[in-house]
file start-v5.txt (compact mmCIF, C-alpha atoms)
# COMPACT_ATOMS: atom_id res chain seq x y z
CA MET I 1 134.86 122.50 111.33
CA LEU I 2 131.20 121.67 111.80
CA ILE I 3 129.78 125.09 112.45
CA ASP I 4 127.05 126.28 110.12
CA LEU I 5 126.80 122.96 108.35
CA GLY I 6 123.13 122.41 109.11
CA TYR I 7 122.38 121.31 105.59
CA ARG I 8 124.68 119.31 103.32
CA ALA I 9 123.85 117.89 99.91
CA PRO I 10 126.86 115.92 98.70
CA ASP I 11 127.22 114.80 95.09
CA SER I 12 128.91 111.49 95.82
CA LEU I 13 128.43 108.61 98.23
CA GLU I 14 132.07 108.97 99.28
CA GLU I 15 131.51 112.55 100.37
CA ALA I 16 128.26 111.62 102.13
CA LEU I 17 130.07 108.90 104.10
CA GLU I 18 132.86 111.32 105.02
CA ILE I 19 130.28 113.68 106.48
CA LEU I 20 128.68 110.86 108.46
CA GLY I 21 132.12 109.66 109.54
CA GLU I 22 132.77 113.01 111.16
CA ASP I 23 129.31 113.47 112.62
CA SER I 24 126.76 110.67 112.69
CA SER I 25 124.06 112.95 114.11
CA PHE I 26 123.07 114.04 110.59
CA LEU I 27 119.50 113.22 109.67
CA ILE I 28 119.57 111.42 106.33
CA LEU I 29 116.99 112.87 103.95
CA ALA I 30 116.00 111.35 100.60
CA GLY I 31 112.48 111.79 99.18
CA GLY I 32 111.15 113.49 102.30
CA THR I 33 107.70 111.88 102.24
CA ASP I 34 108.14 110.43 105.73
CA LEU I 35 110.59 112.86 107.33
CA LEU I 36 108.81 116.09 106.40
CA VAL I 37 105.62 114.61 107.82
CA LYS I 38 107.37 113.53 111.00
CA TYR I 39 108.84 117.01 111.48
CA PHE I 40 105.73 118.76 110.13
CA ASP I 41 105.39 121.22 113.01
CA ALA I 42 109.02 121.31 114.13
CA ARG I 43 111.33 121.36 111.14
CA GLU I 44 114.01 123.12 113.17
CA LYS I 45 114.27 119.89 115.20
CA MET I 46 115.55 118.07 112.13
CA GLY I 47 118.96 119.37 113.19
CA ASN I 48 121.76 118.68 110.76
CA VAL I 49 120.33 117.39 107.50
CA LEU I 50 122.29 115.23 105.08
CA ASP I 51 120.36 115.41 101.82
CA ILE I 52 121.35 112.32 99.82
CA SER I 53 118.86 112.96 97.02
CA ARG I 54 121.69 114.01 94.66
CA LEU I 55 123.68 110.78 94.87
CA GLU I 56 123.37 109.60 91.27
CA GLU I 57 125.06 106.29 92.11
CA LEU I 58 122.04 105.34 94.26
CA LYS I 59 119.56 105.96 91.43
CA LYS I 60 120.49 102.92 89.36
CA ILE I 61 118.31 99.99 88.45
CA VAL I 62 120.51 97.14 87.18
CA ILE I 63 118.89 94.05 85.72
CA GLU I 64 121.24 91.33 84.51
CA GLY I 65 119.23 88.26 83.67
CA GLU I 66 117.67 87.13 86.91
CA LYS I 67 119.92 89.28 89.08
CA ILE I 68 118.38 92.60 90.06
CA PHE I 69 119.83 95.61 91.89
CA LEU I 70 117.64 98.53 92.82
CA GLY I 71 119.41 101.66 94.03
CA ALA I 72 118.15 103.16 97.27
CA LEU I 73 116.95 106.33 95.55
CA THR I 74 114.75 104.43 93.10
CA THR I 75 111.29 105.95 93.51
CA HIS I 76 108.08 103.98 93.91
CA GLU I 77 106.93 105.35 90.55
CA GLU I 78 110.13 104.12 88.84
CA ILE I 79 109.63 100.65 90.29
CA TYR I 80 105.98 100.55 89.30
CA ARG I 81 106.67 101.80 85.74
CA ASN I 82 109.71 99.61 84.99
CA PRO I 83 108.75 97.13 82.24
CA ASP I 84 111.42 94.57 83.21
CA LEU I 85 110.32 94.59 86.83
CA GLN I 86 106.69 94.32 85.73
CA LYS I 87 107.64 91.18 83.88
CA LYS I 88 109.96 89.59 86.42
CA VAL I 89 108.50 90.66 89.78
CA PRO I 90 104.99 92.00 89.11
CA PHE I 91 104.10 91.83 92.80
CA LEU I 92 106.83 94.36 93.62
CA CYS I 93 105.40 96.76 91.03
CA ARG I 94 101.91 96.21 92.38
CA ALA I 95 103.15 97.04 95.89
CA ALA I 96 104.91 100.17 94.60
CA LYS I 97 101.75 101.26 92.82
CA SER I 98 99.70 100.79 95.99
CA VAL I 99 101.72 103.47 97.78
CA GLY I 100 100.20 106.92 98.25
CA ALA I 101 99.35 108.70 95.02
CA PRO I 102 101.41 109.90 92.02
CA GLN I 103 103.02 112.76 93.96
CA ILE I 104 104.13 110.49 96.82
CA ARG I 105 105.33 107.78 94.44
CA ASN I 106 107.37 110.36 92.51
CA GLN I 107 109.10 111.50 95.70
CA GLY I 108 109.25 108.50 98.03
CA THR I 109 112.21 106.18 97.61
CA LEU I 110 112.89 102.50 98.13
CA GLY I 111 115.67 103.26 100.60
CA GLY I 112 113.44 105.63 102.51
CA ASN I 113 110.69 103.03 102.69
CA MET I 114 113.21 100.61 104.25
CA ALA I 115 114.89 103.16 106.57
CA ASN I 116 111.55 104.42 107.88
CA ALA I 117 110.90 100.79 108.87
CA SER I 118 107.16 101.07 109.20
CA PRO I 119 105.44 97.72 109.77
CA ALA I 120 103.22 98.90 106.90
CA ALA I 121 106.10 99.64 104.46
CA ASP I 122 104.57 98.36 101.24
CA LEU I 123 107.80 97.45 99.44
CA ALA I 124 109.03 95.27 102.31
CA PRO I 125 106.72 92.23 101.91
CA PRO I 126 107.47 91.55 98.23
CA LEU I 127 111.19 92.20 98.73
CA ILE I 128 111.29 89.84 101.72
CA ALA I 129 109.29 87.25 99.78
CA VAL I 130 111.77 87.38 96.90
CA GLY I 131 114.66 86.94 99.32
CA ALA I 132 116.19 90.41 98.92
CA ARG I 133 119.34 91.55 100.67
CA ILE I 134 119.69 95.16 101.75
CA LEU I 135 123.05 96.83 101.19
CA LEU I 136 124.55 99.44 103.50
CA ALA I 137 127.64 101.60 103.21
CA GLY I 138 129.32 103.33 106.12
CA PRO I 139 132.61 105.00 106.96
CA ASP I 140 133.95 101.58 108.01
CA GLY I 141 132.89 99.76 104.88
CA GLU I 142 129.93 97.90 103.48
CA ARG I 143 127.49 95.54 105.18
CA SER I 144 124.42 93.68 104.02
CA PHE I 145 121.51 91.87 105.64
CA ASN I 146 118.78 89.56 104.51
CA LEU I 147 115.86 91.97 104.45
CA ASP I 148 113.80 89.72 106.73
CA GLU I 149 116.49 90.20 109.40
CA PHE I 150 116.95 93.94 108.87
CA PHE I 151 113.92 95.31 110.71
CA THR I 152 114.01 95.12 114.50
CA GLY I 153 110.89 97.05 115.53
CA PRO I 154 108.57 99.84 114.41
CA GLY I 155 110.90 102.50 112.99
CA LYS I 156 113.96 100.45 113.97
CA THR I 157 116.52 98.63 111.85
CA ARG I 158 120.02 97.23 112.15
CA LYS I 159 121.42 100.18 110.22
CA ASN I 160 123.81 102.35 112.22
CA PRO I 161 123.26 106.13 112.18
CA ASN I 162 126.48 106.58 110.19
CA GLU I 163 125.41 104.15 107.47
CA ILE I 164 123.50 104.84 104.27
CA ILE I 165 121.27 102.30 102.55
CA THR I 166 122.66 101.95 99.02
CA GLY I 167 120.09 99.54 97.59
CA VAL I 168 118.62 96.07 97.56
CA GLU I 169 119.54 93.08 95.46
CA PHE I 170 117.84 89.80 94.74
CA ASN I 171 117.64 86.96 92.26
CA VAL I 172 114.34 86.28 90.55
CA PRO I 173 113.67 82.54 90.97
CA VAL I 174 114.05 80.67 87.69
CA GLY I 175 111.40 78.30 86.35
CA ASP I 176 107.74 78.44 87.30
CA PHE I 177 107.72 81.47 89.62
CA ARG I 178 104.40 82.97 90.63
CA ASN I 179 103.74 85.91 92.89
CA THR I 180 101.18 88.37 94.12
CA PHE I 181 100.78 91.28 96.52
CA LEU I 182 97.46 92.08 98.14
CA LYS I 183 96.71 95.05 100.35
CA VAL I 184 93.66 96.14 102.24
CA GLY I 185 93.49 99.84 103.07
CA GLN I 186 90.66 102.19 103.90
CA ARG I 187 90.62 103.69 100.43
CA ARG I 188 92.38 103.05 97.15
CA ALA I 189 94.74 106.03 97.14
CA LEU I 190 96.82 107.46 99.96
CA ALA I 191 96.03 104.48 102.17
CA ILE I 192 98.32 102.93 104.71
CA ALA I 193 97.81 99.17 104.78
CA VAL I 194 95.44 97.68 107.34
CA ALA I 195 97.01 94.40 106.29
CA SER I 196 99.02 93.33 103.28
CA LEU I 197 100.50 90.09 102.04
CA ALA I 198 103.14 89.13 99.48
CA ILE I 199 103.25 85.57 98.19
CA ALA I 200 106.21 84.19 96.22
CA LEU I 201 105.74 80.65 95.00
CA SER I 202 108.14 78.51 93.00
CA CYS I 203 106.44 75.47 91.52
CA ARG I 204 107.84 72.29 90.06
CA GLN I 205 106.02 69.27 88.73
CA GLY I 206 102.70 70.39 90.17
CA LYS I 207 104.08 70.95 93.64
CA VAL I 208 105.19 73.88 95.77
CA GLU I 209 108.94 73.77 95.53
CA GLU I 210 109.52 76.90 97.56
CA VAL I 211 107.19 79.42 99.11
CA ARG I 212 107.84 82.68 100.93
CA LEU I 213 105.18 84.74 102.61
CA SER I 214 105.60 88.20 104.01
CA ALA I 215 102.88 90.34 105.56
CA GLY I 216 102.61 94.03 106.39
CA SER I 217 100.83 95.86 109.23
CA VAL I 218 100.25 92.70 111.26
CA ALA I 219 103.38 92.63 113.45
CA PRO I 220 105.97 95.10 114.83
CA ILE I 221 108.02 94.53 111.67
CA PRO I 222 107.20 93.33 108.16
CA LEU I 223 106.54 89.68 108.99
CA ARG I 224 108.16 86.68 107.35
CA ALA I 225 105.61 83.92 108.01
CA ARG I 226 107.92 80.91 108.23
CA GLU I 227 105.52 78.57 110.03
CA THR I 228 102.83 79.11 107.42
CA GLU I 229 105.39 78.57 104.68
CA LYS I 230 106.16 75.12 106.19
CA ILE I 231 102.51 74.09 105.85
CA LEU I 232 102.53 74.89 102.13
CA GLN I 233 106.02 73.65 101.33
CA GLY I 234 106.05 70.56 99.09
CA GLN I 235 102.25 70.43 98.80
CA LYS I 236 100.42 69.63 95.59
CA LEU I 237 99.16 72.72 93.78
CA ASP I 238 95.77 71.14 93.11
CA ASN I 239 95.30 70.32 96.77
CA LEU I 240 96.82 73.13 98.83
CA PRO I 241 95.85 73.12 102.52
CA LEU I 242 94.33 76.60 102.26
CA GLU I 243 92.37 76.57 105.51
CA LYS I 244 95.18 75.16 107.61
CA ALA I 245 97.61 77.71 106.16
CA ALA I 246 95.20 80.62 106.71
CA ASP I 247 94.64 79.55 110.34
CA GLN I 248 98.38 79.32 110.93
CA LEU I 249 99.00 82.72 109.33
CA GLU I 250 96.41 84.31 111.61
CA LYS I 251 98.21 82.75 114.59
CA GLU I 252 101.62 83.79 113.37
CA ALA I 253 100.63 87.45 113.08
CA SER I 254 100.57 89.72 116.12
CA PRO I 255 98.61 92.76 114.99
CA ILE I 256 97.61 95.68 117.18
CA ASP I 257 94.50 97.82 117.55
CA ASP I 258 94.92 101.26 116.07
CA ILE I 259 93.00 103.91 114.14
CA ARG I 260 93.13 101.87 110.95
CA GLY I 261 91.82 98.58 112.27
CA THR I 262 91.52 96.23 115.21
CA ARG I 263 93.72 93.28 116.06
CA VAL I 264 90.92 90.81 115.41
CA TYR I 265 89.94 92.40 112.10
CA ARG I 266 93.53 92.49 110.87
CA ALA I 267 94.12 88.81 111.64
CA ARG I 268 90.90 87.85 109.87
CA VAL I 269 91.75 89.98 106.85
CA LEU I 270 95.22 88.47 106.71
CA GLY I 271 93.83 84.92 106.57
CA ASN I 272 91.51 86.01 103.77
CA LEU I 273 94.37 87.62 101.88
CA LEU I 274 96.20 84.28 101.95
CA ARG I 275 93.14 82.39 100.66
CA LYS I 276 92.58 84.95 97.92
CA GLY I 277 96.27 85.31 97.08
CA LEU I 278 96.92 81.59 96.80
CA GLN I 279 93.90 81.19 94.54
CA GLU I 280 95.26 84.03 92.42
CA VAL I 281 98.74 82.52 92.05
CA LEU I 282 97.25 79.11 91.28
CA SER I 283 95.35 80.64 88.38
CA GLN I 284 98.48 82.38 87.07
CA GLU I 285 100.11 80.85 84.09
CA GLY I 286 103.42 79.55 85.28
CA VAL I 287 106.42 79.25 83.02
CA SER I 288 106.44 75.75 81.56
CA GLU I 289 108.97 73.22 82.83
CA ASN I 290 110.91 73.47 79.59
CA GLY I 291 110.61 77.23 79.30
CA MET V 1 119.81 125.69 110.65
CA ALA V 2 122.04 127.50 108.27
CA LYS V 3 121.06 129.65 105.31
CA VAL V 4 121.39 127.86 102.03
CA LYS V 5 121.69 129.23 98.51
CA VAL V 6 119.06 127.97 96.11
CA ASN V 7 119.12 128.52 92.37
CA LEU V 8 116.08 127.31 90.57
CA LYS V 9 113.92 127.92 87.54
CA VAL V 10 110.26 128.62 88.22
CA ASN V 11 107.83 128.90 85.31
CA GLY V 12 110.76 129.49 82.97
CA LYS V 13 112.37 132.21 85.06
CA GLU V 14 115.70 131.80 86.91
CA HIS V 15 115.78 132.72 90.59
CA SER V 16 118.67 132.91 93.01
CA LEU V 17 117.69 133.00 96.67
CA GLU V 18 119.08 132.45 100.12
CA VAL V 19 116.74 130.59 102.46
CA GLU V 20 116.77 128.83 105.82
CA ALA V 21 117.55 125.17 105.19
CA ALA V 22 114.28 124.18 106.87
CA THR V 23 112.20 126.18 104.38
CA ARG V 24 109.89 124.08 102.27
CA LEU V 25 109.58 124.49 98.52
CA LEU V 26 105.96 125.50 99.21
CA ASP V 27 107.13 128.40 101.43
CA LEU V 28 109.77 129.45 98.93
CA LEU V 29 107.17 129.66 96.16
CA ARG V 30 104.55 131.49 98.21
CA ASP V 31 106.57 133.69 100.56
CA GLU V 32 109.75 134.39 98.62
CA LEU V 33 108.38 134.47 95.07
CA GLY V 34 104.80 135.50 95.79
CA LEU V 35 103.37 132.64 93.76
CA ILE V 36 100.33 132.14 95.93
CA GLY V 37 98.45 130.01 93.41
CA THR V 38 100.11 127.04 95.14
CA LYS V 39 98.04 126.42 98.28
CA GLU V 40 98.84 124.76 101.57
CA GLY V 41 96.23 122.27 102.72
CA CYS V 42 97.33 119.61 105.17
CA GLY V 43 101.07 120.21 104.95
CA LYS V 44 101.60 116.46 105.31
CA GLY V 45 101.41 115.11 101.79
CA GLU V 46 97.84 113.85 102.09
CA CYS V 47 95.78 116.42 100.18
CA GLY V 48 97.83 117.40 97.12
CA THR V 49 96.75 121.02 97.25
CA CYS V 50 100.38 122.16 97.13
CA THR V 51 101.14 120.05 94.03
CA VAL V 52 103.73 121.51 91.65
CA ILE V 53 105.63 119.94 88.77
CA MET V 54 109.35 119.50 89.50
CA ASP V 55 111.58 118.33 86.65
CA GLY V 56 108.53 116.95 84.87
CA LYS V 57 107.06 115.11 87.85
CA THR V 58 104.28 116.10 90.20
CA VAL V 59 105.36 116.50 93.81
CA ASN V 60 103.80 117.79 97.00
CA SER V 61 105.76 121.00 97.58
CA CYS V 62 105.10 120.71 101.33
CA LEU V 63 107.32 117.60 101.38
CA VAL V 64 110.27 119.09 99.52
CA LEU V 65 112.88 121.13 101.37
CA ALA V 66 113.65 124.26 99.39
CA PRO V 67 117.38 123.39 99.13
CA GLN V 68 116.36 120.10 97.50
CA ALA V 69 114.93 122.15 94.65
CA ASP V 70 118.33 123.72 93.92
CA GLY V 71 119.10 123.37 90.22
CA ARG V 72 115.64 122.08 89.43
CA GLU V 73 112.85 123.33 87.22
CA ILE V 74 109.48 124.02 88.80
CA MET V 75 106.13 124.70 87.22
CA THR V 76 103.30 126.17 89.28
CA ILE V 77 99.76 127.01 88.26
CA GLU V 78 100.98 130.51 87.33
CA GLY V 79 103.15 128.86 84.69
CA LEU V 80 100.21 127.18 83.02
CA GLY V 81 97.99 130.17 82.33
CA SER V 82 97.34 133.73 83.46
CA PRO V 83 94.06 135.45 84.36
CA GLU V 84 94.22 137.16 80.96
CA ALA V 85 95.10 134.01 79.05
CA LEU V 86 93.84 130.89 80.78
CA HIS V 87 95.06 127.52 79.62
CA PRO V 88 92.31 125.56 77.82
CA LEU V 89 92.38 123.04 80.67
CA GLN V 90 91.53 125.87 83.07
CA GLU V 91 88.78 127.03 80.70
CA ALA V 92 87.38 123.50 80.70
CA PHE V 93 87.20 123.51 84.51
CA ILE V 94 85.18 126.75 84.41
CA LYS V 95 82.94 125.60 81.59
CA LYS V 96 82.11 122.30 83.29
CA GLY V 97 81.60 123.80 86.75
CA ALA V 98 84.50 121.78 88.17
CA VAL V 99 85.44 124.57 90.58
CA GLN V 100 83.52 125.27 93.76
CA CYS V 101 85.58 126.77 96.58
CA GLY V 102 88.60 126.57 94.29
CA TYR V 103 91.20 125.75 96.90
CA CYS V 104 92.16 122.36 95.45
CA THR V 105 91.89 123.55 91.85
CA PRO V 106 95.51 124.60 91.15
CA GLY V 107 96.82 121.27 92.42
CA ILE V 108 94.21 119.23 90.58
CA ILE V 109 94.83 121.08 87.32
CA LEU V 110 98.57 120.47 87.58
CA SER V 111 98.01 116.76 88.28
CA ALA V 112 95.65 116.58 85.30
CA PHE V 113 98.08 118.51 83.11
CA ASP V 114 100.93 116.16 84.04
CA LEU V 115 98.75 113.10 83.42
CA LEU V 116 97.80 114.33 79.96
CA GLU V 117 101.43 115.12 79.12
CA LYS V 118 102.36 111.50 79.83
CA ASN V 119 99.14 109.83 78.73
CA PRO V 120 97.30 111.94 76.13
CA ARG V 121 94.34 109.55 75.90
CA PRO V 122 93.55 108.48 79.44
CA THR V 123 90.53 106.38 80.29
CA ARG V 124 88.15 107.63 82.97
CA GLU V 125 89.81 105.21 85.39
CA GLU V 126 93.26 106.58 84.51
CA ILE V 127 92.03 110.13 85.06
CA LYS V 128 90.76 109.15 88.50
CA GLU V 129 94.09 107.55 89.29
CA GLY V 130 95.95 110.58 87.94
CA ILE V 131 94.18 112.92 90.36
CA SER V 132 94.03 110.41 93.23
CA GLY V 133 96.61 112.41 95.18
CA ASN V 134 94.40 115.51 95.22
CA LEU V 135 91.52 115.86 97.64
CA CYS V 136 88.45 117.94 96.81
CA ARG V 137 85.85 118.34 99.53
CA CYS V 138 83.31 120.24 97.43
CA THR V 139 82.67 118.70 94.07
CA GLY V 140 82.61 114.95 94.58
CA TYR V 141 85.06 114.80 91.66
CA VAL V 142 82.43 114.05 88.99
CA LYS V 143 82.66 117.46 87.35
CA ILE V 144 86.43 117.52 87.69
CA VAL V 145 86.72 114.25 85.76
CA GLU V 146 84.21 115.57 83.23
CA ALA V 147 86.20 118.78 82.78
CA ILE V 148 89.39 116.82 82.09
CA GLU V 149 87.53 114.63 79.59
CA PHE V 150 85.94 117.71 78.00
CA PHE V 151 89.31 119.40 77.58
CA ASN V 152 90.73 116.27 76.04
CA GLU V 153 87.84 115.85 73.60
CA GLY V 154 88.31 119.46 72.53
CA ARG V 155 91.98 118.85 72.09
CA GLY V 156 91.24 115.73 70.05
CA GLU V 157 89.11 117.77 67.64
CA HIS V 158 91.95 120.22 67.40
CA ASP V 159 94.30 117.44 66.33
CA LYS V 160 92.07 116.58 63.38
call {"tool": "encode", "arguments": {"input": "start-v5.txt", "output": "structure tokens"}}
result
Amino acid sequence: MLIDLGYRAPDSLEEALEILGEDSSFLILAGGTDLLVKYFDAREKMGNVLDISRLEELKKIVIEGEKIFLGALTTHEEIYRNPDLQKKVPFLCRAAKSVGAPQIRNQGTLGGNMANASPAADLAPPLIAVGARILLAGPDGERSFNLDEFFTGPGKTRKNPNEIITGVEFNVPVGDFRNTFLKVGQRRALAIAVASLAIALSCRQGKVEEVRLSAGSVAPIPLRARETEKILQGQKLDNLPLEKAADQLEKEASPIDDIRGTRVYRARVLGNLLRKGLQEVLSQEGVSENG
Amino acid sequence: MAKVKVNLKVNGKEHSLEVEAATRLLDLLRDELGLIGTKEGCGKGECGTCTVIMDGKTVNSCLVLAPQADGREIMTIEGLGSPEALHPLQEAFIKKGAVQCGYCTPGIILSAFDLLEKNPRPTREEIKEGISGNLCRCTGYVKIVEAIEFFNEGRGEHDK
């Protein structure tokens, strides 16, 4: 019987999936920082709400050596404040810290940031750059995607309406791993990115062994810049083709004009973020070859 | 939407209410409990005027559905001090002229209070970051930051 069930707040993932199995029209609510803004003047249009904010099993952070799992209900503040994450993936913490302000970071969740699928989602670039997979659970079982294949358009993902994001997982590269996240917004707090860039660089014997670049707010989805990566791949650290890479990155992006910035400005800023970011990671102390 | 039962603790007092599921925590506090110290500014999580402390963390009460606060503990500005017995942090705001129109003040004071709970010796930069989710259109923030520093200096002397 589905009468009078406008609001449900299950205690377990199993129960949540049962509800979605019976009726996939439920609007999945976690931290509320996007949804309550979207329905600001029409909350009655939220329809049936499935409040997943009580699912303790989605609040876990599990760090086993280099293997990391972040539950979907992990808040931006919890990511930013986690000492292990600060050590292993500082650029993810920097991205989390760049979101909103304390109140928003206390409420907004990792899973919500992914499900909302904004091209400006700040956690997406570092997670894509570190090769994260996103995990989903639905009435028919579990699925996962590489995060760079999860987003399909602004506000759109490959998640079905009856599926819940349970978390993301990734392996921190071993050896000399360097990373950074840079974001340009109109002010320092409560700013949506005009452009952002995450750089993940694995170095070996003075060369780029592997590089992943992911940019925000410069394409319909958080962009994985594969062509620019190819230009940097295998290059010597003391002679990186900065200008060529920045030019390519500007070409690879497809930004739009909106209230926060123009297409031309965004592309230019993005190229500059790559120049600045690469210089920053080059100056970082990498882990020694033996370490 | 259906009516939902909400049990919560506000400023140390238990409440049991029945509200429309679409009610926000902000509306529950103001309209159901009459705690009008919590203000509504933008209603979209940008201004921080509706800031309250939920389970020890600051949140924008305009972005929390009232049923999400079921079983939780909320502190509003009324829980910090009363007109008869202001909290020293509130006194500091008055003393330093950190209040002009006053609309943002409850939210800013709760953000500052929460910051000082977690970081008793913040730098000026940390204070600015701590209140970065609260907009003030009158003061330019200088006197607000000074008031928080003034309160903390006073508190430091107290510790000695």
call {"tool": "interface_residues", "arguments": {"input": "start-v5.txt", "of": "chain I", "to": "chain V", "cutoff": "12 Å", "atoms": "all atoms listed in the file", "output": "VMD selection string"}}
result
chain I and resid 2 to 10 29 to 54 75 77 to 78 97 to 108 187 to 192
call {"tool": "axis_aligned_box", "arguments": {"input": "start-v5.txt", "around": "range 82-91 of chain V", "padding_each_side": "5 Å", "output": "JSON"}}
result
{"center_x": 93.1, "center_y": 130.1, "center_z": 81.1, "size_x": 18.6, "size_y": 24.1, "size_z": 16.5}
call {"tool": "residues_around", "arguments": {"input": "start-v5.txt", "residues": "Glu149 in chain V", "least_positions_apart": "4", "cutoff": "9 Å", "atoms": "only C-alpha atoms", "output": "PyMOL selection string"}}
result
chain V and resi 92+122-124+127+144-145+153-154
call {"tool": "closest_residue", "arguments": {"input": "start-v5.txt", "among": "I:Ile221, I:Ala121, I:Cys203, I:Ile28", "to": "Pro154 in chain I", "atoms": "all atoms listed in the file"}}
result
I:Ile221
call {"tool": "residues_around", "arguments": {"input": "start-v5.txt", "residues": "Ile128 in chain I", "least_positions_apart": "5", "cutoff": "9 Å", "atoms": "all atoms listed in the file", "output": "PyMOL selection string"}}
result
chain I and resi 123+133+146-148+198+212-214+222-224
call {"tool": "atom_distance", "arguments": {"input": "start-v5.txt", "atom1": "CA of Ile68 in chain I", "atom2": "CA of Arg143 in chain I"}}
result
17.9 Å
call {"tool": "residues_around", "arguments": {"input": "start-v5.txt", "residues": "Phe150 in chain V", "least_positions_apart": "5", "cutoff": "10 Å", "atoms": "only C-alpha atoms", "output": "PyMOL selection string"}}
result
chain V and resi 89+92-93+95-96+143-145+155-156
call {"tool": "residues_around", "arguments": {"input": "start-v5.txt", "residues": "Leu197 in chain I", "least_positions_apart": "3", "cutoff": "7 Å", "atoms": "all atoms listed in the file", "output": "list in words"}}
result
Pro125, Phe181, Leu182, Lys183, Ser214, Ala215, Gly216 and Leu273 of chain I
call {"tool": "residues_near_point", "arguments": {"input": "start-v5.txt", "point": "(87.7, 123.3, 95.0)", "cutoff": "7 Å", "atoms": "all atoms listed in the file", "output": "list in words"}}
result
Val99, Gln100, Cys101, Gly102, Tyr103, Cys104, Thr105, Cys136, Arg137, Cys138 and Thr139 of chain V
call {"tool": "residues_near_point", "arguments": {"input": "start-v5.txt", "point": "(103.7, 87.6, 111.4)", "cutoff": "6 Å", "atoms": "all atoms listed in the file", "output": "PyMOL selection string"}}
result
chain I and resi 219+223+225+252-253
call {"tool": "atom_distance", "arguments": {"input": "start-v5.txt", "atom1": "CA of Gly37 in chain V", "atom2": "CA of Leu135 in chain V"}}
result
16.3 Å
call {"tool": "residues_around", "arguments": {"input": "start-v5.txt", "residues": "Ile74 in chain V", "least_positions_apart": "2", "cutoff": "8 Å", "atoms": "all atoms listed in the file", "output": "number ranges by chain"}}
result
V: 8-11, 52-55, 72, 76
call {"tool": "build_atoms", "arguments": {"input": "start-v5.txt", "residues": "range 224-235 of chain I", "atoms": "N, CA and C atoms", "output": "PDB file, keeping the file's coordinate frame"}}
result
ATOM      1  N   ARG I 224     107.903  87.850 108.203  1.00  0.00           N
ATOM      2  CA  ARG I 224     108.160  86.680 107.350  1.00  0.00           C
ATOM      3  C   ARG I 224     107.463  85.505 108.038  1.00  0.00           C
ATOM      4  N   ALA I 225     106.466  84.931 107.366  1.00  0.00           N
ATOM      5  CA  ALA I 225     105.610  83.920 108.010  1.00  0.00           C
ATOM      6  C   ALA I 225     106.157  82.512 107.771  1.00  0.00           C
ATOM      7  N   ARG I 226     107.223  82.176 108.465  1.00  0.00           N
ATOM      8  CA  ARG I 226     107.920  80.910 108.230  1.00  0.00           C
ATOM      9  C   ARG I 226     107.087  79.669 108.559  1.00  0.00           C
ATOM     10  N   GLU I 227     106.312  79.744 109.635  1.00  0.00           N
ATOM     11  CA  GLU I 227     105.520  78.570 110.030  1.00  0.00           C
ATOM     12  C   GLU I 227     104.443  78.271 108.993  1.00  0.00           C
ATOM     13  N   THR I 228     103.847  79.309 108.460  1.00  0.00           N
ATOM     14  CA  THR I 228     102.830  79.110 107.420  1.00  0.00           C
ATOM     15  C   THR I 228     103.479  78.580 106.146  1.00  0.00           C
ATOM     16  N   GLU I 229     104.669  79.071 105.856  1.00  0.00           N
ATOM     17  CA  GLU I 229     105.390  78.570 104.680  1.00  0.00           C
ATOM     18  C   GLU I 229     105.571  77.049 104.776  1.00  0.00           C
ATOM     19  N   LYS I 230     105.912  76.558 106.001  1.00  0.00           N
ATOM     20  CA  LYS I 230     106.160  75.120 106.190  1.00  0.00           C
ATOM     21  C   LYS I 230     104.934  74.283 105.833  1.00  0.00           C
ATOM     22  N   ILE I 231     103.742  74.830 106.135  1.00  0.00           N
ATOM     23  CA  ILE I 231     102.510  74.090 105.850  1.00  0.00           C
ATOM     24  C   ILE I 231     102.306  73.933 104.347  1.00  0.00           C
ATOM     25  N   LEU I 232     102.760  74.920 103.578  1.00  0.00           N
ATOM     26  CA  LEU I 232     102.530  74.890 102.130  1.00  0.00           C
ATOM     27  C   LEU I 232     103.662  74.208 101.359  1.00  0.00           C
ATOM     28  N   GLN I 233     104.823  74.198 101.978  1.00  0.00           N
ATOM     29  CA  GLN I 233     106.020  73.650 101.330  1.00  0.00           C
ATOM     30  C   GLN I 233     105.790  72.194 100.862  1.00  0.00           C
ATOM     31  N   GLY I 234     106.120  71.927  99.599  1.00  0.00           N
ATOM     32  CA  GLY I 234     106.050  70.560  99.090  1.00  0.00           C
ATOM     33  C   GLY I 234     104.651  70.065  98.759  1.00  0.00           C
ATOM     34  N   GLN I 235     103.635  70.871  99.033  1.00  0.00           N
ATOM     35  CA  GLN I 235     102.250  70.430  98.800  1.00  0.00           C
ATOM     36  C   GLN I 235     101.893  70.475  97.313  1.00  0.00           C
TER      37      GLN I 235
END
